[in-house]
file protein-v5.pdb (PDB, C-alpha atoms, pLDDT in the B column)
ATOM      1  CA  MET G   1      22.039  61.414 -11.614  1.00 96.00           C
ATOM      2  CA  ILE G   2      21.676  57.652 -11.430  1.00 98.00           C
ATOM      3  CA  LYS G   3      18.647  55.711 -12.631  1.00 98.00           C
ATOM      4  CA  VAL G   4      18.429  51.926 -12.408  1.00 98.00           C
ATOM      5  CA  GLN G   5      15.185  50.821 -13.998  1.00 98.00           C
ATOM      6  CA  ALA G   6      13.404  48.084 -15.935  1.00 98.00           C
ATOM      7  CA  GLU G   7      11.722  50.561 -18.299  1.00 98.00           C
ATOM      8  CA  ASP G   8      13.147  51.828 -21.561  1.00 98.00           C
ATOM      9  CA  PHE G   9      14.336  55.438 -21.782  1.00 98.00           C
ATOM     10  CA  ASP G  10      13.892  58.192 -24.346  1.00 98.00           C
ATOM     11  CA  ILE G  11      17.376  59.281 -25.433  1.00 98.00           C
ATOM     12  CA  GLY G  12      16.263  62.617 -26.875  1.00 98.00           C
ATOM     13  CA  ALA G  13      14.199  63.586 -23.849  1.00 98.00           C
ATOM     14  CA  ALA G  14      16.950  62.537 -21.429  1.00 98.00           C
ATOM     15  CA  LEU G  15      19.633  64.561 -23.237  1.00 98.00           C
ATOM     16  CA  ALA G  16      17.372  67.592 -23.655  1.00 97.00           C
ATOM     17  CA  THR G  17      16.617  67.615 -19.921  1.00 97.00           C
ATOM     18  CA  LEU G  18      20.319  67.496 -19.116  1.00 97.00           C
ATOM     19  CA  THR G  19      21.021  70.792 -20.852  1.00 97.00           C
ATOM     20  CA  ALA G  20      17.683  72.619 -20.523  1.00 97.00           C
ATOM     21  CA  GLY G  21      18.247  76.223 -19.450  1.00 96.00           C
ATOM     22  CA  LYS G  22      21.992  75.734 -19.027  1.00 97.00           C
ATOM     23  CA  THR G  23      23.561  78.176 -21.427  1.00 96.00           C
ATOM     24  CA  HIS G  24      27.011  77.770 -19.825  1.00 96.00           C
ATOM     25  CA  VAL G  25      27.156  74.179 -21.091  1.00 97.00           C
ATOM     26  CA  GLY G  26      29.045  73.979 -24.376  1.00 98.00           C
ATOM     27  CA  ALA G  27      29.357  70.211 -24.712  1.00 98.00           C
ATOM     28  CA  LEU G  28      27.145  67.191 -24.285  1.00 98.00           C
ATOM     29  CA  ALA G  29      28.614  63.703 -24.836  1.00 98.00           C
ATOM     30  CA  SER G  30      26.615  60.502 -24.704  1.00 98.00           C
ATOM     31  CA  PHE G  31      26.962  56.761 -25.082  1.00 98.00           C
ATOM     32  CA  VAL G  32      24.135  54.258 -25.581  1.00 98.00           C
ATOM     33  CA  GLY G  33      24.710  50.514 -25.141  1.00 98.00           C
ATOM     34  CA  LEU G  34      22.390  48.150 -27.059  1.00 98.00           C
ATOM     35  CA  VAL G  35      21.668  44.421 -26.988  1.00 97.00           C
ATOM     36  CA  ARG G  36      23.445  42.721 -29.916  1.00 95.00           C
ATOM     37  CA  ASP G  37      21.798  39.838 -31.768  1.00 95.00           C
ATOM     38  CA  ILE G  38      24.948  37.749 -31.965  1.00 92.00           C
ATOM     39  CA  ALA G  39      27.453  36.447 -29.409  1.00 87.00           C
ATOM     40  CA  GLY G  40      30.308  34.479 -30.923  1.00 86.00           C
ATOM     41  CA  GLU G  41      28.616  31.919 -33.162  1.00 89.00           C
ATOM     42  CA  HIS G  42      25.238  32.088 -31.452  1.00 91.00           C
ATOM     43  CA  ARG G  43      22.123  34.068 -32.285  1.00 95.00           C
ATOM     44  CA  ILE G  44      20.846  35.866 -29.219  1.00 96.00           C
ATOM     45  CA  ALA G  45      17.110  35.865 -28.525  1.00 97.00           C
ATOM     46  CA  SER G  46      17.229  37.704 -25.210  1.00 98.00           C
ATOM     47  CA  MET G  47      19.529  39.059 -22.574  1.00 97.00           C
ATOM     48  CA  THR G  48      18.447  39.264 -18.941  1.00 98.00           C
ATOM     49  CA  LEU G  49      20.285  41.667 -16.670  1.00 98.00           C
ATOM     50  CA  GLU G  50      20.395  40.883 -12.992  1.00 98.00           C
ATOM     51  CA  HIS G  51      21.392  43.552 -10.496  1.00 98.00           C
ATOM     52  CA  TYR G  52      21.918  44.004  -6.773  1.00 98.00           C
ATOM     53  CA  PRO G  53      19.289  46.519  -5.617  1.00 98.00           C
ATOM     54  CA  GLY G  54      20.926  49.034  -3.319  1.00 97.00           C
ATOM     55  CA  MET G  55      24.526  48.190  -4.128  1.00 98.00           C
ATOM     56  CA  THR G  56      24.057  48.793  -7.852  1.00 98.00           C
ATOM     57  CA  GLU G  57      22.815  52.346  -7.263  1.00 98.00           C
ATOM     58  CA  ARG G  58      25.559  52.934  -4.715  1.00 97.00           C
ATOM     59  CA  ALA G  59      28.290  51.671  -7.039  1.00 97.00           C
ATOM     60  CA  LEU G  60      27.025  53.809  -9.930  1.00 98.00           C
ATOM     61  CA  ALA G  61      26.935  56.871  -7.674  1.00 98.00           C
ATOM     62  CA  GLY G  62      30.539  56.129  -6.711  1.00 97.00           C
ATOM     63  CA  ILE G  63      31.565  55.945 -10.374  1.00 97.00           C
ATOM     64  CA  GLU G  64      29.750  59.230 -11.070  1.00 98.00           C
ATOM     65  CA  ALA G  65      31.577  60.865  -8.139  1.00 98.00           C
ATOM     66  CA  GLU G  66      34.906  59.611  -9.516  1.00 97.00           C
ATOM     67  CA  ALA G  67      34.168  61.183 -12.916  1.00 98.00           C
ATOM     68  CA  ARG G  68      33.168  64.481 -11.301  1.00 98.00           C
ATOM     69  CA  ALA G  69      36.416  64.496  -9.297  1.00 98.00           C
ATOM     70  CA  ARG G  70      38.486  64.011 -12.459  1.00 97.00           C
ATOM     71  CA  TRP G  71      36.798  66.370 -14.912  1.00 98.00           C
ATOM     72  CA  PRO G  72      34.991  69.724 -14.629  1.00 98.00           C
ATOM     73  CA  LEU G  73      31.520  68.383 -15.381  1.00 98.00           C
ATOM     74  CA  ASP G  74      28.270  70.270 -15.207  1.00 98.00           C
ATOM     75  CA  ASP G  75      26.159  67.119 -14.980  1.00 98.00           C
ATOM     76  CA  VAL G  76      26.265  63.339 -15.297  1.00 98.00           C
ATOM     77  CA  LEU G  77      23.417  61.021 -16.198  1.00 98.00           C
ATOM     78  CA  ILE G  78      23.590  57.228 -16.028  1.00 98.00           C
ATOM     79  CA  VAL G  79      20.454  55.249 -16.871  1.00 98.00           C
ATOM     80  CA  HIS G  80      20.964  51.487 -16.635  1.00 98.00           C
ATOM     81  CA  ARG G  81      18.226  48.950 -17.277  1.00 98.00           C
ATOM     82  CA  TYR G  82      17.713  45.513 -15.754  1.00 98.00           C
ATOM     83  CA  GLY G  83      15.390  42.632 -16.583  1.00 98.00           C
ATOM     84  CA  ARG G  84      14.758  40.840 -19.858  1.00 98.00           C
ATOM     85  CA  LEU G  85      15.843  42.685 -23.012  1.00 98.00           C
ATOM     86  CA  GLU G  86      15.876  41.712 -26.678  1.00 98.00           C
ATOM     87  CA  PRO G  87      18.269  42.508 -29.540  1.00 98.00           C
ATOM     88  CA  GLY G  88      18.067  46.177 -30.427  1.00 98.00           C
ATOM     89  CA  ASP G  89      16.867  47.164 -26.961  1.00 98.00           C
ATOM     90  CA  ARG G  90      18.704  49.932 -25.147  1.00 98.00           C
ATOM     91  CA  ILE G  91      20.651  48.788 -22.061  1.00 98.00           C
ATOM     92  CA  VAL G  92      22.461  51.856 -20.798  1.00 98.00           C
ATOM     93  CA  LEU G  93      22.727  55.583 -21.393  1.00 98.00           C
ATOM     94  CA  VAL G  94      25.714  57.561 -20.167  1.00 98.00           C
ATOM     95  CA  ALA G  95      25.697  61.324 -20.735  1.00 98.00           C
ATOM     96  CA  THR G  96      27.979  64.080 -19.525  1.00 98.00           C
ATOM     97  CA  THR G  97      27.863  67.831 -19.909  1.00 98.00           C
ATOM     98  CA  SER G  98      30.626  70.363 -19.520  1.00 98.00           C
ATOM     99  CA  ALA G  99      31.706  73.771 -20.734  1.00 97.00           C
ATOM    100  CA  HIS G 100      34.074  72.113 -23.229  1.00 96.00           C
ATOM    101  CA  ARG G 101      34.125  68.913 -25.253  1.00 97.00           C
ATOM    102  CA  ASP G 102      37.274  67.308 -23.862  1.00 98.00           C
ATOM    103  CA  ALA G 103      35.909  66.921 -20.345  1.00 98.00           C
ATOM    104  CA  ALA G 104      32.514  65.736 -21.575  1.00 98.00           C
ATOM    105  CA  MET G 105      33.895  63.153 -24.032  1.00 98.00           C
ATOM    106  CA  ASN G 106      36.655  61.797 -21.815  1.00 98.00           C
ATOM    107  CA  ALA G 107      34.361  61.518 -18.804  1.00 98.00           C
ATOM    108  CA  CYS G 108      31.716  59.740 -20.882  1.00 98.00           C
ATOM    109  CA  HIS G 109      34.294  57.230 -22.139  1.00 97.00           C
ATOM    110  CA  PHE G 110      35.645  56.728 -18.621  1.00 97.00           C
ATOM    111  CA  LEU G 111      32.157  56.148 -17.209  1.00 98.00           C
ATOM    112  CA  ILE G 112      31.203  53.420 -19.658  1.00 97.00           C
ATOM    113  CA  ASP G 113      34.602  51.716 -19.270  1.00 96.00           C
ATOM    114  CA  TRP G 114      34.260  51.661 -15.471  1.00 95.00           C
ATOM    115  CA  LEU G 115      30.623  50.572 -15.637  1.00 95.00           C
ATOM    116  CA  LYS G 116      31.622  47.427 -17.479  1.00 94.00           C
ATOM    117  CA  THR G 117      33.676  46.047 -14.614  1.00 91.00           C
ATOM    118  CA  LYS G 118      32.577  47.964 -11.518  1.00 95.00           C
ATOM    119  CA  ALA G 119      28.778  48.130 -11.723  1.00 97.00           C
ATOM    120  CA  PRO G 120      26.973  45.174 -10.129  1.00 98.00           C
ATOM    121  CA  PHE G 121      25.135  43.722 -13.125  1.00 98.00           C
ATOM    122  CA  TRP G 122      25.245  40.199 -14.506  1.00 98.00           C
ATOM    123  CA  LYS G 123      24.054  39.257 -17.982  1.00 97.00           C
ATOM    124  CA  LEU G 124      22.332  36.006 -18.928  1.00 97.00           C
ATOM    125  CA  GLU G 125      22.115  35.455 -22.691  1.00 96.00           C
ATOM    126  CA  ASP G 126      19.602  33.060 -24.218  1.00 96.00           C
ATOM    127  CA  GLY G 127      19.580  31.972 -27.844  1.00 94.00           C
ATOM    128  CA  SER G 128      20.683  29.319 -30.320  1.00 92.00           C
ATOM    129  CA  GLY G 129      23.427  28.159 -27.936  1.00 89.00           C
ATOM    130  CA  GLY G 130      21.098  27.840 -24.939  1.00 94.00           C
ATOM    131  CA  ALA G 131      21.207  30.042 -21.856  1.00 95.00           C
ATOM    132  CA  ALA G 132      24.636  31.175 -20.664  1.00 94.00           C
ATOM    133  CA  TRP G 133      25.976  33.783 -18.263  1.00 96.00           C
ATOM    134  CA  VAL G 134      28.176  36.337 -19.986  1.00 94.00           C
ATOM    135  CA  ALA G 135      31.745  36.040 -18.706  1.00 92.00           C
ATOM    136  CA  ALA G 136      33.728  39.131 -17.794  1.00 89.00           C
ATOM    137  CA  ARG G 137      36.235  39.980 -20.541  1.00 89.00           C
ATOM    138  CA  ASP G 138      39.888  40.751 -20.054  1.00 89.00           C
ATOM    139  CA  SER G 139      39.533  43.501 -22.666  1.00 90.00           C
ATOM    140  CA  ASP G 140      36.975  45.218 -20.411  1.00 91.00           C
ATOM    141  CA  ASP G 141      39.401  45.015 -17.482  1.00 90.00           C
ATOM    142  CA  ASP G 142      42.093  46.537 -19.700  1.00 91.00           C
ATOM    143  CA  ALA G 143      39.723  49.314 -20.774  1.00 91.00           C
ATOM    144  CA  ALA G 144      38.920  50.157 -17.149  1.00 91.00           C
ATOM    145  CA  GLU G 145      42.575  49.871 -16.153  1.00 90.00           C
ATOM    146  CA  ARG G 146      43.795  52.512 -18.589  1.00 91.00           C
ATOM    147  CA  TRP G 147      41.847  55.155 -16.642  1.00 92.00           C
ATOM    148  CA  GLN G 148      43.684  54.346 -13.401  1.00 85.00           C
ATOM    149  CA  THR G 149      46.301  56.989 -14.093  1.00 68.00           C
ATOM    150  CA  SER G 150      43.984  59.919 -13.710  1.00 57.00           C
ATOM    151  CA  PRO G 151      46.217  62.966 -14.408  1.00 48.00           C
ATOM    152  CA  THR G 152      47.145  61.916 -17.965  1.00 47.00           C
ATOM    153  CA  ALA G 153      43.661  60.586 -18.644  1.00 46.00           C
ATOM    154  CA  GLN G 154      42.356  64.115 -18.455  1.00 48.00           C
ATOM    155  CA  LYS G 155      44.368  65.217 -21.449  1.00 47.00           C
ATOM    156  CA  SER G 156      43.229  64.266 -24.888  1.00 47.00           C
ATOM    157  CA  PRO G 157      45.503  64.328 -27.953  1.00 44.00           C
ATOM    158  CA  THR G 158      42.930  66.487 -29.753  1.00 45.00           C
ATOM    159  CA  SER G 159      42.946  69.092 -27.003  1.00 41.00           C
ATOM    160  CA  THR G 160      43.194  72.608 -28.385  1.00 37.00           C
TER     161      THR G 160
ATOM    162  CA  MET D   1      23.845  36.891   8.681  1.00 96.00           C
ATOM    163  CA  GLN D   2      22.205  37.550   5.326  1.00 98.00           C
ATOM    164  CA  VAL D   3      23.973  36.033   2.299  1.00 98.00           C
ATOM    165  CA  LEU D   4      23.015  37.006  -1.254  1.00 98.00           C
ATOM    166  CA  TYR D   5      24.013  35.267  -4.481  1.00 98.00           C
ATOM    167  CA  PHE D   6      24.033  36.716  -8.005  1.00 98.00           C
ATOM    168  CA  GLY D   7      24.741  35.549 -11.548  1.00 98.00           C
ATOM    169  CA  TRP D   8      25.896  31.965 -11.927  1.00 97.00           C
ATOM    170  CA  VAL D   9      26.701  31.774  -8.213  1.00 98.00           C
ATOM    171  CA  ARG D  10      22.949  32.113  -7.659  1.00 98.00           C
ATOM    172  CA  SER D  11      21.963  29.702 -10.414  1.00 97.00           C
ATOM    173  CA  LYS D  12      24.402  27.026  -9.183  1.00 98.00           C
ATOM    174  CA  ILE D  13      23.304  27.327  -5.560  1.00 98.00           C
ATOM    175  CA  GLY D  14      19.646  27.555  -6.551  1.00 97.00           C
ATOM    176  CA  VAL D  15      18.493  30.338  -4.223  1.00 97.00           C
ATOM    177  CA  PRO D  16      18.971  34.134  -4.391  1.00 98.00           C
ATOM    178  CA  GLY D  17      19.940  34.334  -0.735  1.00 97.00           C
ATOM    179  CA  GLU D  18      19.487  32.933   2.728  1.00 97.00           C
ATOM    180  CA  ASP D  19      19.736  33.692   6.418  1.00 97.00           C
ATOM    181  CA  ILE D  20      22.576  31.719   7.894  1.00 97.00           C
ATOM    182  CA  ARG D  21      24.246  31.246  11.247  1.00 95.00           C
ATOM    183  CA  PRO D  22      27.790  30.107  10.561  1.00 96.00           C
ATOM    184  CA  PRO D  23      29.896  28.763  13.468  1.00 96.00           C
ATOM    185  CA  ALA D  24      31.954  31.217  15.495  1.00 93.00           C
ATOM    186  CA  ASP D  25      35.227  30.307  13.789  1.00 95.00           C
ATOM    187  CA  VAL D  26      33.948  31.729  10.465  1.00 97.00           C
ATOM    188  CA  ALA D  27      35.748  35.090  10.643  1.00 97.00           C
ATOM    189  CA  THR D  28      36.295  36.050   6.999  1.00 98.00           C
ATOM    190  CA  ILE D  29      34.531  35.774   3.643  1.00 98.00           C
ATOM    191  CA  ALA D  30      36.977  33.000   2.709  1.00 98.00           C
ATOM    192  CA  ASP D  31      36.026  31.096   5.889  1.00 98.00           C
ATOM    193  CA  LEU D  32      32.365  31.547   5.008  1.00 98.00           C
ATOM    194  CA  ILE D  33      32.910  30.140   1.517  1.00 98.00           C
ATOM    195  CA  VAL D  34      34.671  27.067   2.931  1.00 97.00           C
ATOM    196  CA  TRP D  35      31.747  26.545   5.301  1.00 98.00           C
ATOM    197  CA  LEU D  36      29.173  27.081   2.528  1.00 98.00           C
ATOM    198  CA  LYS D  37      30.941  24.534   0.296  1.00 97.00           C
ATOM    199  CA  GLY D  38      30.147  21.884   2.879  1.00 96.00           C
ATOM    200  CA  ARG D  39      26.424  22.538   2.489  1.00 95.00           C
ATOM    201  CA  GLY D  40      25.947  20.714  -0.797  1.00 95.00           C
ATOM    202  CA  HIS D  41      26.926  20.078  -4.382  1.00 97.00           C
ATOM    203  CA  GLY D  42      25.582  23.382  -5.739  1.00 97.00           C
ATOM    204  CA  TYR D  43      27.687  25.363  -3.283  1.00 98.00           C
ATOM    205  CA  ALA D  44      30.782  23.307  -4.077  1.00 97.00           C
ATOM    206  CA  GLU D  45      30.193  23.963  -7.805  1.00 97.00           C
ATOM    207  CA  ALA D  46      29.631  27.689  -7.297  1.00 98.00           C
ATOM    208  CA  PHE D  47      32.842  28.110  -5.303  1.00 98.00           C
ATOM    209  CA  ARG D  48      35.084  25.649  -7.178  1.00 97.00           C
ATOM    210  CA  ASP D  49      37.260  28.442  -8.639  1.00 96.00           C
ATOM    211  CA  LEU D  50      37.643  31.356  -6.242  1.00 96.00           C
ATOM    212  CA  SER D  51      39.617  33.395  -8.793  1.00 95.00           C
ATOM    213  CA  ILE D  52      36.262  34.191 -10.440  1.00 95.00           C
ATOM    214  CA  VAL D  53      34.279  34.837  -7.266  1.00 97.00           C
ATOM    215  CA  ARG D  54      33.798  38.412  -6.052  1.00 97.00           C
ATOM    216  CA  ALA D  55      32.321  39.578  -2.760  1.00 98.00           C
ATOM    217  CA  ALA D  56      30.698  42.542  -1.079  1.00 98.00           C
ATOM    218  CA  VAL D  57      30.066  43.198   2.610  1.00 98.00           C
ATOM    219  CA  ASN D  58      27.195  45.556   3.389  1.00 98.00           C
ATOM    220  CA  GLN D  59      27.092  46.543  -0.300  1.00 97.00           C
ATOM    221  CA  GLU D  60      30.765  47.527  -0.549  1.00 97.00           C
ATOM    222  CA  MET D  61      33.264  45.455  -2.541  1.00 97.00           C
ATOM    223  CA  ALA D  62      35.499  43.389  -0.263  1.00 98.00           C
ATOM    224  CA  GLN D  63      38.479  41.055  -0.606  1.00 97.00           C
ATOM    225  CA  LEU D  64      37.946  37.410   0.304  1.00 97.00           C
ATOM    226  CA  ASP D  65      40.113  37.820   3.408  1.00 97.00           C
ATOM    227  CA  ALA D  66      37.892  40.641   4.708  1.00 98.00           C
ATOM    228  CA  PRO D  67      36.381  40.059   8.161  1.00 98.00           C
ATOM    229  CA  ILE D  68      32.640  39.455   8.560  1.00 98.00           C
ATOM    230  CA  ARG D  69      30.421  39.459  11.600  1.00 95.00           C
ATOM    231  CA  ALA D  70      26.869  38.604  12.620  1.00 94.00           C
ATOM    232  CA  GLY D  71      24.411  41.044  11.100  1.00 95.00           C
ATOM    233  CA  ASP D  72      26.458  41.698   7.968  1.00 97.00           C
ATOM    234  CA  GLU D  73      24.952  41.451   4.498  1.00 98.00           C
ATOM    235  CA  VAL D  74      27.432  39.389   2.490  1.00 98.00           C
ATOM    236  CA  ALA D  75      27.052  39.014  -1.278  1.00 98.00           C
ATOM    237  CA  LEU D  76      28.917  36.494  -3.439  1.00 98.00           C
ATOM    238  CA  PHE D  77      28.897  36.787  -7.214  1.00 98.00           C
ATOM    239  CA  PRO D  78      30.886  36.433 -10.455  1.00 97.00           C
ATOM    240  CA  PRO D  79      32.900  39.324 -11.922  1.00 96.00           C
ATOM    241  CA  MET D  80      30.443  42.052 -12.916  1.00 96.00           C
ATOM    242  CA  THR D  81      29.340  42.600 -16.503  1.00 95.00           C
ATOM    243  CA  GLY D  82      27.657  45.984 -16.611  1.00 93.00           C
ATOM    244  CA  GLY D  83      27.208  48.397 -19.458  1.00 92.00           C
TER     245      GLY D  83
END
call {"tool": "encode", "arguments": {"input": "protein-v5.pdb", "output": "structure tokens"}}
result
Amino acid sequence: MIKVQAEDFDIGAALATLTAGKTHVGALASFVGLVRDIAGEHRIASMTLEHYPGMTERALAGIEAEARARWPLDDVLIVHRYGRLEPGDRIVLVATTSAHRDAAMNACHFLIDWLKTKAPFWKLEDGSGGAAWVAARDSDDDAAERWQTSPTAQKSPTST
Amino acid sequence: MQVLYFGWVRSKIGVPGEDIRPPADVATIADLIVWLKGRGHGYAEAFRDLSIVRAAVNQEMAQLDAPIRAGDEVALFPPMTGG
């Protein structure tokens, strides 16, 4: 399920809903992204997320479908906020459920890595250095790239 | 044709989008960008370095050499920074 919204979300309630009544689910993995108060040498007062209504939801649904094609997932939840946020505010929640932990954890990691470079959002930071658009990072491209080889990505070294 | 701008492409051009009627020889996104650059300083600034400009046609990611036609929704924006 995809939610693109200005409002904050309740992590506990969202995760509880994902597994309510599903006794076949043995694993729930989640990631929460937060606004940091520092960027390089500058204090951050706010971060404003711009999105592309319509395409953003469509792109997130595409990323969810990719995760479901790669791992045996029971459910996927992506909640992504837009608008003006302040340090400490929640930006994004990614949660996955599966029978076993490997699928849930790997899919969750994959989803947040792909979100970084493939979800239509743009971040404007404002703070001690003035207002500046956040540039895409090569390290985020690298993180997304390592999931391109899907067959090996499904195996984790801790798999037992 | 509806054109939408996001991120610093929007802030440099100064509007979030516009209805445009490019000439008939504008056949691709790259052609459109060349034509837009002639419309003023903000456009020229926004499209100075095309290696950091991304595009979508009808809400699907597209390469700059992708064809466009009347009625399309074309979006031009910087690399995305989600998450």
call {"tool": "resolve_selection", "arguments": {"input": "protein-v5.pdb", "expression": "the PyMOL selection byres ((chain D and resi 37) around 12)", "output": "mmCIF file with C-alpha atoms, keeping the file's coordinate frame"}}
result
data_model
loop_
_atom_site.group_PDB
_atom_site.id
_atom_site.type_symbol
_atom_site.label_atom_id
_atom_site.label_comp_id
_atom_site.auth_asym_id
_atom_site.auth_seq_id
_atom_site.Cartn_x
_atom_site.Cartn_y
_atom_site.Cartn_z
ATOM 1 C CA VAL D 9 26.701 31.774 -8.213
ATOM 2 C CA LYS D 12 24.402 27.026 -9.183
ATOM 3 C CA ILE D 13 23.304 27.327 -5.560
ATOM 4 C CA ALA D 30 36.977 33.000 2.709
ATOM 5 C CA ASP D 31 36.026 31.096 5.889
ATOM 6 C CA LEU D 32 32.365 31.547 5.008
ATOM 7 C CA ILE D 33 32.910 30.140 1.517
ATOM 8 C CA VAL D 34 34.671 27.067 2.931
ATOM 9 C CA TRP D 35 31.747 26.545 5.301
ATOM 10 C CA LEU D 36 29.173 27.081 2.528
ATOM 11 C CA GLY D 38 30.147 21.884 2.879
ATOM 12 C CA ARG D 39 26.424 22.538 2.489
ATOM 13 C CA GLY D 40 25.947 20.714 -0.797
ATOM 14 C CA HIS D 41 26.926 20.078 -4.382
ATOM 15 C CA GLY D 42 25.582 23.382 -5.739
ATOM 16 C CA TYR D 43 27.687 25.363 -3.283
ATOM 17 C CA ALA D 44 30.782 23.307 -4.077
ATOM 18 C CA GLU D 45 30.193 23.963 -7.805
ATOM 19 C CA ALA D 46 29.631 27.689 -7.297
ATOM 20 C CA PHE D 47 32.842 28.110 -5.303
ATOM 21 C CA ARG D 48 35.084 25.649 -7.178
ATOM 22 C CA ASP D 49 37.260 28.442 -8.639
ATOM 23 C CA LEU D 50 37.643 31.356 -6.242
#
call {"tool": "atom_distance", "arguments": {"input": "protein-v5.pdb", "atom1": "atom CA of G:Arg146", "atom2": "atom CA of G:Ala119"}}
result
17.1 Å
call {"tool": "atom_distance", "arguments": {"input": "protein-v5.pdb", "atom1": "atom CA of G:Val25", "atom2": "atom CA of G:Trp71"}}
result
13.9 Å
call {"tool": "closest_residue", "arguments": {"input": "protein-v5.pdb", "among": "G:Thr117, G:Ser128, G:Thr97, G:Thr17", "to": "chain D", "atoms": "all atoms listed in the file"}}
result
G:Thr117
call {"tool": "closest_residue", "arguments": {"input": "protein-v5.pdb", "among": "G:Glu50, G:Glu145, G:Asp89, G:Asp74", "to": "chain D", "atoms": "all atoms listed in the file"}}
result
G:Glu50
call {"tool": "residues_around", "arguments": {"input": "protein-v5.pdb", "residues": "D:Glu60", "least_positions_apart": "5", "cutoff": "12 Å", "atoms": "all atoms listed in the file", "output": "ChimeraX atom specification"}}
result
/G:52,54-60,62,118-120 /D:54-55,66,72-76
call {"tool": "closest_residue", "arguments": {"input": "protein-v5.pdb", "among": "G:His51, G:Arg70, G:Gly127, G:Ala6", "to": "D:Leu4", "atoms": "only C-alpha atoms"}}
result
G:His51
call {"tool": "interface_residues", "arguments": {"input": "protein-v5.pdb", "of": "chain G", "to": "chain D", "cutoff": "12 Å", "atoms": "all atoms listed in the file", "output": "count of residues only"}}
result
58
call {"tool": "closest_residue", "arguments": {"input": "protein-v5.pdb", "among": "D:Gly17, D:Thr28, D:Pro23, D:Arg10", "to": "D:Leu64", "atoms": "only C-alpha atoms"}}
result
D:Thr28
